[in-house]
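Since the structure comes first, as structure tokens, the remarks are kept for the end.
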Amino acid sequence: MSESNTGECERCGGTGFLILEAAGASRARPCACRALSRGRPAGIEDFLQAARIPRRYHDCDFENFDAIPPHQLALQGARTWALRYAEEYPLSDRGLLFMGPPGVGKTHLAVSTLRRLALLKGVPGLFCDVQDLLRRLQATFDRQSGMSELDLLQPVLQTEAVLLDDLGGRQFSPWLEETLSHIVTTRYNDKRATLVTTNYTDESAGGRGPTLKDRIGPRVHSRLQEMCHVVKIEAQDFRQLIKRADHHRLADRIERPKESA
Ligand SMILES: Nc1ncnc2c1ncn2[C@@H]1O[C@H](COP(=O)(O)OP(=O)(O)OP(=O)(O)O)[C@@H](O)[C@H]1O
Ligand SMILES: [Mg+2]
């Protein structure tokens, strides 16, 4: 491995990536030094565990994200943005902010992106449920937890790619704005990749109800606009579709014995 006298790899200058130009397009490939020094995940199990992906999302990948009518184009568009982001990483210094109603696949796509980054490029990732993190941080302030604020925050601040899942789920307060602002600003200043999902958008539904800015405060909102590309997903609630499909399958099973009788 070629190292300069500052200890940085001479091939990639310490960035961990080699930028390749081919057929007029740029592609980033992980440098050999990266796999050695950062412990590239050997496989999917390692990734799921290291990134603390909840079991429900263990199988999420771009391949099993369906673009189904009537919102085929919106779903295809969102998938393309996420896939391109992972393939081109780290060419863009902006992350992705998935916005949309419940069940449209925001977390599915964000987890697929973390997965692709880890398996394709050896990028360490972390799934962070924002509500859970805030609850745990609050417990450290109330001294109801053995963990320190630093123990909780360090992985969220320092992991190369972090998914902040379900941003805005908690009512806005100055403490919340301060905490989120610290996380988002630190990651932005350190140029780390941030993926975000939220149910709130910039326009309130039907002119009523809170916007994302109302939920997270103007400072965090403004910083996120700068550091993330917004991917809006307008589609049906997939959970309802699955429920309906299950219901039909069940009805089929109940009816079939009658048919064969
Ligand atoms: N287009 C899709 N193709 C296949 N599975 C999907 C798709 N969209 C969602 N799902 C599945 O539906 C379930 C709900 O999706 P997901 O949790 O990603 O929704 P969400 O937009 O994050 O919802 P919420 O806002 O409630 O967090 C998951 O099991 C996910 O894998
Ligand atoms: Mg979600």
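Lettering and numbering for the structure tokens are positional, with chains as A, B, ... in the shown order, residues counted from 1 in each chain, and ligands counted from 1 in the shown order.
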
For the interface of chain A with ligand 2 (cut-off 8 Å, counting only C-alpha atoms and all ligand atoms), please tabulate each contacting residue of chain A alongside its nearest pair of atoms and their separation in Å to one decimal, rows sorted by chain and increasing number, as a tab-separated table.
residue	atom	partner	partner_atom_place_in_ligand_line	distance
A:Pro102	CA	ligand 2	1 (Mg)	6.9
A:Gly103	CA	ligand 2	1 (Mg)	6.9
A:Gly105	CA	ligand 2	1 (Mg)	6.9
A:Lys106	CA	ligand 2	1 (Mg)	5.5
A:Thr107	CA	ligand 2	1 (Mg)	4.2
A:His108	CA	ligand 2	1 (Mg)	7.3
A:Asp165	CA	ligand 2	1 (Mg)	6.3
A:Asp166	CA	ligand 2	1 (Mg)	5.8
A:Thr197	CA	ligand 2	1 (Mg)	6.5
A:Thr198	CA	ligand 2	1 (Mg)	7.3

May I have the residues within 9 Å of ligand 1, computed using only C-alpha atoms and all ligand atoms, as an MDAnalysis selection string?
chainID A and resid 56:57 59:68 72 75:76 79 98:111 165:166 197:199 233 235:242

Restricting the output to C-alpha atoms, write the selected residues as a short mmCIF file (atom, residue, chain, number, x, y, z; two decimals), in the first residue's frame.
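Writing the result to again-v2.cif gives the following:
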data_model
loop_
_atom_site.label_atom_id
_atom_site.label_comp_id
_atom_site.auth_asym_id
_atom_site.auth_seq_id
_atom_site.Cartn_x
_atom_site.Cartn_y
_atom_site.Cartn_z
CA ARG A 56 -38.52 -5.50 9.28
CA TYR A 57 -36.17 -3.94 6.71
CA ASP A 59 -34.64 -7.79 3.00
CA CYS A 60 -35.15 -4.32 1.53
CA ASP A 61 -33.25 -3.77 -1.69
CA PHE A 62 -33.74 -1.89 -4.96
CA GLU A 63 -34.59 -5.19 -6.66
CA ASN A 64 -37.67 -5.80 -4.52
CA PHE A 65 -38.94 -2.21 -4.64
CA ASP A 66 -41.90 -2.44 -7.05
CA ALA A 67 -43.06 0.45 -9.19
CA ILE A 68 -46.74 -0.40 -9.36
CA GLN A 72 -45.51 3.83 -11.35
CA LEU A 75 -41.98 5.19 -7.64
CA GLN A 76 -39.63 4.57 -10.55
CA ARG A 79 -35.92 4.46 -7.02
CA PHE A 98 -37.34 11.24 1.13
CA MET A 99 -40.68 12.99 1.71
CA GLY A 100 -44.10 11.41 1.54
CA PRO A 101 -47.12 9.96 3.32
CA PRO A 102 -46.95 6.77 5.41
CA GLY A 103 -46.24 3.44 3.73
CA VAL A 104 -45.01 4.70 0.34
CA GLY A 105 -41.57 3.07 0.71
CA LYS A 106 -39.35 5.87 2.01
CA THR A 107 -37.58 3.72 4.60
CA HIS A 108 -37.40 0.80 2.15
CA LEU A 109 -35.53 2.96 -0.38
CA ALA A 110 -33.30 4.62 2.22
CA VAL A 111 -32.27 1.22 3.65
CA ASP A 165 -35.54 7.81 9.84
CA ASP A 166 -38.88 9.52 10.54
CA THR A 197 -37.12 10.19 5.68
CA THR A 198 -40.11 12.24 6.79
CA ASN A 199 -43.91 12.29 6.53
CA ILE A 233 -42.90 10.09 -3.19
CA ALA A 235 -48.00 6.80 -3.95
CA GLN A 236 -50.40 4.43 -2.25
CA ASP A 237 -49.76 3.09 1.23
CA PHE A 238 -48.01 -0.22 0.52
CA ARG A 239 -48.99 -1.56 3.94
CA GLN A 240 -52.67 -1.25 2.97
CA LEU A 241 -51.95 -2.96 -0.37
CA ILE A 242 -50.24 -5.85 1.41
#

Could you make a table, as a tab-separated table, of the residues of segment 16-105 of chain A that have an atom within 8 Å of an atom of segment 222-232 of chain A, each with its nearest atom pair and distance in Å to one decimal, counting only C-alpha atoms, in chain and number order?
residue	atom	partner	partner_atom	distance
A:Ala78	CA	A:Val231	CA	6.1
A:Trp81	CA	A:Val231	CA	7.5
A:Asp93	CA	A:Met227	CA	7.5
A:Arg94	CA	A:Cys228	CA	4.8
A:Gly95	CA	A:Cys228	CA	4.3
A:Leu96	CA	A:Cys228	CA	4.8
A:Leu97	CA	A:Val230	CA	4.7
A:Phe98	CA	A:Val231	CA	4.8
A:Met99	CA	A:Lys232	CA	4.8
A:Gly100	CA	A:Lys232	CA	5.9

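Using only C-alpha atoms, the nearest neighbour of Leu18 of chain A within the list A:Glu160, A:Glu149, A:Asp142, A:Glu88 is A:Glu88.
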
Please return as a ChimeraX atom specification: the residues of segment 67-245 of chain A that backbone DSSP assigns to strand (DSSP E or B).
/A:95-99,125-129,161-165,193-198,228-232

Store the residues picked out above in a file with C-alpha atoms, as a PDB file, in the first residue's frame.
ATOM      1  CA  GLY A  95     -27.638  13.446   0.700  1.00  0.00           C
ATOM      2  CA  LEU A  96     -31.262  12.454   0.025  1.00  0.00           C
ATOM      3  CA  LEU A  97     -34.415  13.610   1.817  1.00  0.00           C
ATOM      4  CA  PHE A  98     -37.345  11.244   1.127  1.00  0.00           C
ATOM      5  CA  MET A  99     -40.681  12.985   1.708  1.00  0.00           C
ATOM      6  CA  GLY A 125     -23.773   2.909   7.464  1.00  0.00           C
ATOM      7  CA  LEU A 126     -26.113   3.426  10.402  1.00  0.00           C
ATOM      8  CA  PHE A 127     -29.901   3.307  10.718  1.00  0.00           C
ATOM      9  CA  CYS A 128     -31.059   5.876  13.243  1.00  0.00           C
ATOM     10  CA  ASP A 129     -34.707   6.042  14.329  1.00  0.00           C
ATOM     11  CA  ALA A 161     -23.546   7.257   5.928  1.00  0.00           C
ATOM     12  CA  VAL A 162     -26.462   7.740   8.326  1.00  0.00           C
ATOM     13  CA  LEU A 163     -30.195   7.319   7.781  1.00  0.00           C
ATOM     14  CA  LEU A 164     -32.241   9.651  10.008  1.00  0.00           C
ATOM     15  CA  ASP A 165     -35.542   7.810   9.837  1.00  0.00           C
ATOM     16  CA  ALA A 193     -23.635  11.390   3.764  1.00  0.00           C
ATOM     17  CA  THR A 194     -27.045  11.891   5.343  1.00  0.00           C
ATOM     18  CA  LEU A 195     -30.259  10.185   4.230  1.00  0.00           C
ATOM     19  CA  VAL A 196     -33.515  11.375   5.788  1.00  0.00           C
ATOM     20  CA  THR A 197     -37.117  10.191   5.679  1.00  0.00           C
ATOM     21  CA  THR A 198     -40.110  12.242   6.786  1.00  0.00           C
ATOM     22  CA  CYS A 228     -30.024  17.038   0.719  1.00  0.00           C
ATOM     23  CA  HIS A 229     -31.729  16.501  -2.598  1.00  0.00           C
ATOM     24  CA  VAL A 230     -35.497  16.207  -1.984  1.00  0.00           C
ATOM     25  CA  VAL A 231     -37.162  13.038  -3.323  1.00  0.00           C
ATOM     26  CA  LYS A 232     -40.944  13.334  -3.041  1.00  0.00           C
TER      27      LYS A 232
END

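A straight line drawn from atom CA of Arg115 of chain A to atom CA of Ala28 of chain A is 16.6 Å long.
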
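Taking only C-alpha atoms into account, Phe17 of chain A lies nearest to A:Val123 out of the set A:Glu203, A:Val123, A:Pro69, A:Gln49.
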